[in-house]
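Asks: Can you read through this structure? Questions will come right after.
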Amino acid sequence: MSENQNIIVDLHTHLETLSPIVSFRNKIQGHLYSVSGHINKDYKVILSAAMYVQFWNDYNDLKKMTTDFVDVINQFGDEVQLIKSQEDLNSDYKVGIILHVESARTLKNYKEQLPELFNLGVRGIIPIHFIDNQFGNSSDDPFRRLKIKRKDSGITEDGKELMKICNKLGMWVDLSHTTDKTGYEMIELAGEVMVSHVAIRDIVKRPRNKDIKFLQKVASKSGIFGLTPWAHLAGDSVESFKNQIS
C-alpha cells in the first residue's frame with residue numbers, strides 16, 4: 001500500500017459508536033496488516049457516517065443529531081477531522097469523518113433545510129431509504145417487497161429540485177436504495193453520485209442490488225461503488241463475496 005492511499009469505510013454509524021473511533025482505526029490497521037503483511041502506518045482512515053432518520057418527521061431532531069455528531073468529533077482534537085472540503089481531506093489527521101443523511105424524508109422544507117445541513121458539515125445524502133417518499137421510489141418499499149402492485153414512477157419534481165440543490169452545494173447523492181428507474185433518472189441529474197452499500201444483482205438477484213449496467217452508468221459520472229459484505233445482498237459464503245469483488 002503506497003503512502004498516498006487511504007482506507008475508506010462506510011461506517012453506517014450512530015452517535016454512540018463515534019467515541020471509540022481512534023481505537024477503531026487501530027483495529028482496522030491491525031486487521032489490514034494481518035491480511036496483507038505490510039501497511040503504511042501513517043495512512044488515514046476516512047469513515048463515512050450515515051445519520052439514519054428514516055422514520056423521523058421532525059427536521060429539528062436531524063439538525064440536533066448533526067450538531068451532536070460535530071461536537072463529538074471536535075472532542076478528539078487533531079486526531080479526528082470533520083471532512084468538509086478538499087483542504088480538510090488533505091490536512092493532518094488520523095481519522096476523517098464525512099457526514100451524510102440516510103433518507104431525506106424529514107426534509108419537508110428541503111430548499112432551506114439542505115443548505116442549512118451543508119453549513120453544519122453534512123456532505124452527502126441518501127434521498128430515498130426503505131420507503132417511497134417525496135423524492136422518488138425505494139427498492140425496499142414494503143409494498144414492492146411483498147410484490148403488491150406499486151408503480152415505479154421514478155424521480156418526482158421535488159426530487160429533480162433536490163438534485164439541483166445538491167449540485168449547487170457540492171453534495172453527493174447516494175443511490176443505494178432507489179429503484180432502477182429513480183436511480184437512472186437521478187444519475188442523469190446529479191453532479192456527484194455513488195452507490196455506497198449494495199452488491200451486484202447479476203450475481204445475487206435482489207431488487208436492492210444494482211446490475212453491471214447501472215454501475216457502469218455510475219462510473220461514467222466518475223461515481224463511487226461501495227460493495228457491502230451483508231450476506232443477504234452479497235451471498236452467504238466467502239466464495240460469494242470473492243465473486244462479487246471479481
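Ordering of the C-alpha cells sets the chain letters (A, B, ...); residue numbers start at 1 within each chain; ligands are numbered from 1 in the order shown.
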List as number ranges by chain the protein and nucleic acid residues near Pro115 in chain A, meaning an atom at most 10 Å away when only C-alpha atoms are counted, but skip any in the same chain fewer than 6 places from it.

Replies: A: 121-122, 165-166, 168-169, 171

Asks: Restrict the selected residues to all heavy atoms and save them as a compact mmCIF listing (two decimals), in the first residue's frame.

Replies:
# COMPACT_ATOMS: atom_id res chain seq x y z
N GLY A 121 -22.04 20.91 8.17
CA GLY A 121 -20.99 19.93 7.90
C GLY A 121 -21.41 18.70 7.13
O GLY A 121 -20.58 17.84 6.84
N VAL A 122 -22.69 18.57 6.78
CA VAL A 122 -23.16 17.40 6.02
C VAL A 122 -22.72 17.53 4.56
O VAL A 122 -22.84 18.60 3.97
CB VAL A 122 -24.70 17.28 6.11
CG1 VAL A 122 -25.21 16.17 5.21
CG2 VAL A 122 -25.13 17.04 7.55
N ILE A 165 -30.22 21.39 -6.01
CA ILE A 165 -29.66 21.98 -4.78
C ILE A 165 -28.38 21.26 -4.39
O ILE A 165 -27.38 21.90 -4.02
CB ILE A 165 -30.70 21.92 -3.64
CG1 ILE A 165 -31.92 22.78 -4.00
CG2 ILE A 165 -30.09 22.41 -2.33
CD1 ILE A 165 -33.08 22.62 -3.05
N CYS A 166 -28.38 19.92 -4.48
CA CYS A 166 -27.17 19.15 -4.17
C CYS A 166 -26.02 19.57 -5.09
O CYS A 166 -24.88 19.73 -4.64
CB CYS A 166 -27.44 17.65 -4.32
SG CYS A 166 -28.45 16.94 -3.00
N LYS A 168 -25.61 22.43 -6.63
CA LYS A 168 -25.19 23.80 -6.31
C LYS A 168 -24.31 23.82 -5.06
O LYS A 168 -23.31 24.55 -4.99
CB LYS A 168 -26.42 24.69 -6.10
CG LYS A 168 -26.09 26.15 -5.85
CD LYS A 168 -27.35 26.99 -5.74
CE LYS A 168 -27.03 28.46 -5.47
NZ LYS A 168 -28.26 29.29 -5.35
N LEU A 169 -24.67 23.00 -4.08
CA LEU A 169 -23.91 22.96 -2.82
C LEU A 169 -22.60 22.18 -2.96
O LEU A 169 -21.64 22.44 -2.25
CB LEU A 169 -24.76 22.31 -1.72
CG LEU A 169 -26.00 23.08 -1.25
CD1 LEU A 169 -26.84 22.20 -0.33
CD2 LEU A 169 -25.59 24.37 -0.53
N MET A 171 -22.84 18.58 -2.97
CA MET A 171 -23.18 17.48 -2.07
C MET A 171 -23.40 16.21 -2.90
O MET A 171 -24.04 16.27 -3.95
CB MET A 171 -24.44 17.83 -1.28
CG MET A 171 -24.80 16.84 -0.19
SD MET A 171 -26.27 17.38 0.76
CE MET A 171 -25.55 18.66 1.80

Asks: So that I can check the surroundings of Asp211 in chain A, please list as a list in words every protein, DNA and RNA residue that reaches within 10 Å of it, counting only C-alpha atoms and ignoring chain neighbours fewer than 5 positions away.

Replies: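 Final neighbour list, sorted by chain and number: Asp180, Ala199, Ile200, Arg201, Asp202, Ile203, Val204, Lys205, Arg206 and Gln216 of chain A.
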
Asks: Write the residues of the preceding selection, restricted to all heavy atoms, as a compact mmCIF listing (two decimals), in the first residue's frame.

Replies:
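Dumped everything to out04.txt:
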# COMPACT_ATOMS: atom_id res chain seq x y z
N ASP A 180 -34.60 1.08 -9.91
CA ASP A 180 -33.77 1.32 -11.09
C ASP A 180 -34.20 2.60 -11.81
O ASP A 180 -33.35 3.43 -12.18
CB ASP A 180 -33.86 0.14 -12.06
CG ASP A 180 -33.13 -1.08 -11.54
OD1 ASP A 180 -32.36 -0.95 -10.56
OD2 ASP A 180 -33.32 -2.18 -12.10
N ALA A 199 -24.77 -4.81 -3.48
CA ALA A 199 -23.94 -5.81 -4.17
C ALA A 199 -24.43 -5.89 -5.61
O ALA A 199 -25.28 -5.11 -6.04
CB ALA A 199 -24.02 -7.15 -3.46
N ILE A 200 -23.88 -6.84 -6.36
CA ILE A 200 -24.12 -6.89 -7.80
C ILE A 200 -25.26 -7.88 -8.11
O ILE A 200 -25.17 -9.06 -7.80
CB ILE A 200 -22.83 -7.29 -8.54
CG1 ILE A 200 -21.77 -6.22 -8.27
CG2 ILE A 200 -23.08 -7.44 -10.03
CD1 ILE A 200 -20.38 -6.58 -8.75
N ARG A 201 -26.31 -7.37 -8.73
CA ARG A 201 -27.51 -8.15 -8.98
C ARG A 201 -27.27 -9.29 -9.97
O ARG A 201 -27.97 -10.30 -9.92
CB ARG A 201 -28.62 -7.23 -9.51
CG ARG A 201 -29.99 -7.89 -9.60
CD ARG A 201 -31.00 -7.00 -10.25
NE ARG A 201 -31.20 -5.77 -9.50
CZ ARG A 201 -31.67 -4.65 -10.03
NH1 ARG A 201 -31.98 -4.60 -11.31
NH2 ARG A 201 -31.85 -3.57 -9.28
N ASP A 202 -26.30 -9.13 -10.85
CA ASP A 202 -26.00 -10.20 -11.80
C ASP A 202 -25.55 -11.47 -11.08
O ASP A 202 -25.62 -12.56 -11.64
CB ASP A 202 -24.89 -9.74 -12.77
CG ASP A 202 -25.23 -8.43 -13.46
OD1 ASP A 202 -25.30 -7.40 -12.77
OD2 ASP A 202 -25.45 -8.45 -14.68
N ILE A 203 -25.11 -11.33 -9.84
CA ILE A 203 -24.66 -12.49 -9.04
C ILE A 203 -25.72 -12.89 -8.03
O ILE A 203 -26.05 -14.07 -7.89
CB ILE A 203 -23.33 -12.18 -8.33
CG1 ILE A 203 -22.25 -11.87 -9.39
CG2 ILE A 203 -22.89 -13.34 -7.45
CD1 ILE A 203 -20.94 -11.41 -8.80
N VAL A 204 -26.26 -11.92 -7.28
CA VAL A 204 -27.34 -12.18 -6.32
C VAL A 204 -28.54 -11.34 -6.72
O VAL A 204 -28.51 -10.10 -6.66
CB VAL A 204 -26.91 -11.84 -4.87
CG1 VAL A 204 -28.07 -12.09 -3.91
CG2 VAL A 204 -25.70 -12.66 -4.46
N LYS A 205 -29.60 -11.99 -7.17
CA LYS A 205 -30.73 -11.30 -7.77
C LYS A 205 -31.70 -10.79 -6.70
O LYS A 205 -32.69 -11.45 -6.37
CB LYS A 205 -31.45 -12.21 -8.75
CG LYS A 205 -30.57 -12.62 -9.94
CD LYS A 205 -31.34 -13.38 -10.98
CE LYS A 205 -30.44 -13.83 -12.11
NZ LYS A 205 -29.73 -12.70 -12.74
N ARG A 206 -31.37 -9.62 -6.17
CA ARG A 206 -32.26 -8.94 -5.23
C ARG A 206 -32.53 -7.54 -5.77
O ARG A 206 -31.62 -6.89 -6.32
CB ARG A 206 -31.65 -8.87 -3.84
CG ARG A 206 -31.53 -10.23 -3.16
CD ARG A 206 -30.97 -10.09 -1.76
NE ARG A 206 -31.88 -9.37 -0.88
CZ ARG A 206 -32.74 -9.94 -0.05
NH1 ARG A 206 -32.80 -11.26 0.03
NH2 ARG A 206 -33.51 -9.23 0.74
N GLN A 216 -22.02 0.73 -14.39
CA GLN A 216 -21.27 1.38 -15.47
C GLN A 216 -21.76 2.82 -15.66
O GLN A 216 -20.98 3.71 -15.97
CB GLN A 216 -21.43 0.58 -16.76
CG GLN A 216 -20.65 -0.72 -16.75
CD GLN A 216 -20.96 -1.61 -17.93
OE1 GLN A 216 -22.04 -1.53 -18.52
NE2 GLN A 216 -20.03 -2.49 -18.28

Asks: Interatomic distance between CA of Asn167 in chain A and CA of Gly191 in chain A?

Replies: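 CA of Asn167 in chain A sits 5.4 Å away from CA of Gly191 in chain A.
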
Asks: For Leu175 in chain A, find every residue with an atom within 10 Å (counting only C-alpha atoms), except residues of its own chain fewer than 5 positions away, and show them as a list of chain:residue names.

Replies: A:Ile125, A:Ile126, A:Pro127, A:Ile128, A:His129, A:Ser138, A:Asp180, A:Thr182, A:Gly183, A:Tyr184, A:Met186, A:Ile187, A:Val193, A:Met194, A:Val195, A:Ser196, A:His197, A:Val198, A:Lys210, A:Val218, A:Phe225

Asks: When you count only C-alpha atoms, which of these residues is closest to Glu102 in chain A: A:Glu87, A:Asp174, A:Glu185, A:Asp236?

Replies: A:Asp174

Asks: Please list as an NGL selection string every residue within 6 Å of range 94-97 of chain A, counting only C-alpha atoms and excluding residues in the same chain fewer than 3 positions away.

Replies: :A and (44-48 or 79-83)

Asks: Residues of range 73-180 of chain A in alpha helix (DSSP H) according to DSSP, as a ChimeraX atom specification?

Replies: /A:73-74,86-89,110-120,142-145,157-169,180

Asks: For each of A:Arg123, A:Arg105, A:Arg144, A:Lys63, take the minimum atom-to-atom distance to Ala49 in chain A, counting only C-alpha atoms, then give the residue where this is smallest.

Replies: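 Once distances to Ala49 in chain A are computed over only C-alpha atoms, the minimum belongs to A:Arg123.
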
Asks: Run DSSP on the backbone and tell me which residues of range 38-242 of chain A come out as strand (DSSP E); list them as a PyMOL selection string.

Replies: chain A and resi 45-52+80-82+95-102+122-126+172-174+193-198+224-227

Asks: Could you take the residues named above and write them with N, CA, C and O atoms, as a CSV table (one decimal), in the first residue's frame?

Replies:
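Output file selection-v9.csv follows:
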chain,number,residue,atom,x,y,z
A,45,VAL,N,-7.6,6.8,7.9
A,45,VAL,CA,-8.9,6.1,7.7
A,45,VAL,C,-10.0,7.2,7.6
A,45,VAL,O,-10.1,8.1,8.4
A,46,ILE,N,-10.8,7.1,6.5
A,46,ILE,CA,-11.9,8.0,6.3
A,46,ILE,C,-13.2,7.3,6.5
A,46,ILE,O,-13.5,6.3,5.8
A,47,LEU,N,-13.9,7.7,7.5
A,47,LEU,CA,-15.2,7.0,7.8
A,47,LEU,C,-16.4,7.8,7.4
A,47,LEU,O,-16.5,9.0,7.6
A,48,SER,N,-17.3,7.1,6.6
A,48,SER,CA,-18.5,7.8,6.2
A,48,SER,C,-19.6,7.5,7.2
A,48,SER,O,-20.0,6.3,7.4
A,49,ALA,N,-20.1,8.5,7.9
A,49,ALA,CA,-21.0,8.3,9.0
A,49,ALA,C,-22.4,8.7,8.5
A,49,ALA,O,-22.7,9.8,8.3
A,50,ALA,N,-23.3,7.7,8.3
A,50,ALA,CA,-24.7,7.9,7.9
A,50,ALA,C,-25.6,8.2,9.1
A,50,ALA,O,-25.6,7.4,10.0
A,51,MET,N,-26.3,9.3,9.0
A,51,MET,CA,-27.2,9.6,10.1
A,51,MET,C,-28.6,9.1,9.7
A,51,MET,O,-29.2,9.6,8.8
A,52,TYR,N,-29.1,8.1,10.4
A,52,TYR,CA,-30.3,7.4,10.0
A,52,TYR,C,-31.5,8.1,10.5
A,52,TYR,O,-31.7,8.2,11.7
A,80,VAL,N,-9.0,13.5,15.0
A,80,VAL,CA,-10.2,13.2,14.1
A,80,VAL,C,-10.6,14.5,13.4
A,80,VAL,O,-10.7,15.6,14.1
A,81,GLN,N,-10.8,14.5,12.1
A,81,GLN,CA,-11.1,15.6,11.3
A,81,GLN,C,-12.5,15.5,10.7
A,81,GLN,O,-12.8,14.5,10.0
A,82,LEU,N,-13.4,16.5,10.9
A,82,LEU,CA,-14.6,16.5,10.1
A,82,LEU,C,-14.3,17.0,8.7
A,82,LEU,O,-13.7,18.1,8.5
A,95,VAL,N,-8.0,10.1,11.6
A,95,VAL,CA,-9.3,9.6,11.2
A,95,VAL,C,-10.1,10.8,10.6
A,95,VAL,O,-10.2,11.9,11.3
A,96,GLY,N,-10.7,10.7,9.5
A,96,GLY,CA,-11.6,11.7,8.9
A,96,GLY,C,-13.0,11.2,8.9
A,96,GLY,O,-13.3,10.0,8.7
A,97,ILE,N,-13.9,12.1,9.2
A,97,ILE,CA,-15.4,11.7,9.2
A,97,ILE,C,-16.1,12.5,8.2
A,97,ILE,O,-16.0,13.8,8.1
A,98,ILE,N,-16.8,11.9,7.3
A,98,ILE,CA,-17.7,12.6,6.3
A,98,ILE,C,-19.1,12.3,6.7
A,98,ILE,O,-19.6,11.1,6.8
A,99,LEU,N,-19.9,13.3,7.0
A,99,LEU,CA,-21.3,13.1,7.5
A,99,LEU,C,-22.3,13.1,6.3
A,99,LEU,O,-22.2,13.9,5.4
A,100,HIS,N,-23.2,12.2,6.3
A,100,HIS,CA,-24.3,12.2,5.4
A,100,HIS,C,-25.6,11.7,6.0
A,100,HIS,O,-25.6,11.1,7.1
A,101,VAL,N,-26.7,12.0,5.4
A,101,VAL,CA,-28.0,11.7,5.9
A,101,VAL,C,-28.6,10.6,5.1
A,101,VAL,O,-28.7,10.6,3.9
A,102,GLU,N,-29.1,9.5,5.9
A,102,GLU,CA,-29.7,8.4,5.2
A,102,GLU,C,-31.2,8.6,5.3
A,102,GLU,O,-31.8,8.3,6.3
A,122,VAL,N,-22.7,18.6,6.8
A,122,VAL,CA,-23.2,17.4,6.0
A,122,VAL,C,-22.7,17.5,4.6
A,122,VAL,O,-22.8,18.6,4.0
A,123,ARG,N,-22.2,16.4,4.0
A,123,ARG,CA,-21.7,16.5,2.6
A,123,ARG,C,-22.3,15.5,1.7
A,123,ARG,O,-21.9,15.4,0.5
A,124,GLY,N,-23.3,14.7,2.1
A,124,GLY,CA,-23.9,13.8,1.2
A,124,GLY,C,-25.3,13.4,1.7
A,124,GLY,O,-25.7,13.6,2.9
A,125,ILE,N,-26.1,12.9,0.8
A,125,ILE,CA,-27.5,12.5,1.2
A,125,ILE,C,-27.9,11.2,0.4
A,125,ILE,O,-27.6,11.1,-0.7
A,126,ILE,N,-28.6,10.3,1.1
A,126,ILE,CA,-29.3,9.2,0.5
A,126,ILE,C,-30.8,9.7,0.4
A,126,ILE,O,-31.5,9.6,1.4
A,172,TRP,N,-22.9,15.1,-2.4
A,172,TRP,CA,-23.0,13.8,-3.2
A,172,TRP,C,-24.4,13.3,-3.0
A,172,TRP,O,-25.1,13.5,-2.0
A,173,VAL,N,-24.9,12.5,-4.0
A,173,VAL,CA,-26.2,11.8,-3.9
A,173,VAL,C,-25.9,10.3,-4.0
A,173,VAL,O,-25.3,9.8,-4.9
A,174,ASP,N,-26.4,9.6,-2.9
A,174,ASP,CA,-26.2,8.1,-2.8
A,174,ASP,C,-27.4,7.4,-3.2
A,174,ASP,O,-28.5,7.6,-2.7
A,193,VAL,N,-22.3,11.3,-7.8
A,193,VAL,CA,-23.1,10.1,-7.4
A,193,VAL,C,-22.3,9.0,-6.8
A,193,VAL,O,-21.1,8.9,-7.1
A,194,MET,N,-23.0,8.2,-6.0
A,194,MET,CA,-22.3,7.0,-5.5
A,194,MET,C,-23.4,6.0,-5.2
A,194,MET,O,-24.6,6.3,-5.1
A,195,VAL,N,-23.0,4.7,-5.1
A,195,VAL,CA,-23.9,3.6,-4.6
A,195,VAL,C,-23.0,3.0,-3.5
A,195,VAL,O,-22.1,2.3,-3.7
A,196,SER,N,-23.3,3.3,-2.2
A,196,SER,CA,-22.3,3.1,-1.1
A,196,SER,C,-22.4,1.7,-0.5
A,196,SER,O,-21.4,1.2,0.0
A,197,HIS,N,-23.6,1.0,-0.5
A,197,HIS,CA,-23.7,-0.2,0.2
A,197,HIS,C,-24.7,-1.2,-0.4
A,197,HIS,O,-25.8,-1.4,0.1
A,198,VAL,N,-24.4,-1.7,-1.6
A,198,VAL,CA,-25.2,-2.8,-2.2
A,198,VAL,C,-24.2,-3.8,-2.7
A,198,VAL,O,-23.0,-3.8,-2.4
A,224,ILE,N,-18.8,6.5,-7.3
A,224,ILE,CA,-18.2,5.5,-6.4
A,224,ILE,C,-19.2,4.4,-6.2
A,224,ILE,O,-20.4,4.6,-6.0
A,225,PHE,N,-18.6,3.1,-6.2
A,225,PHE,CA,-19.4,2.0,-5.9
A,225,PHE,C,-18.8,1.3,-4.6
A,225,PHE,O,-17.7,1.0,-4.6
A,226,GLY,N,-19.7,1.2,-3.6
A,226,GLY,CA,-19.2,0.5,-2.4
A,226,GLY,C,-19.9,-0.8,-2.2
A,226,GLY,O,-21.1,-0.9,-2.3
A,227,LEU,N,-19.1,-1.9,-2.1
A,227,LEU,CA,-19.6,-3.3,-2.0
A,227,LEU,C,-19.8,-3.6,-0.6
A,227,LEU,O,-18.9,-3.6,0.2

Asks: In terms of the shortest atom-to-atom distance over only C-alpha atoms, which of A:Gln54, A:Thr66, A:Asn119, A:Ser176 is closest to Asn133 in chain A?

Replies: A:Gln54
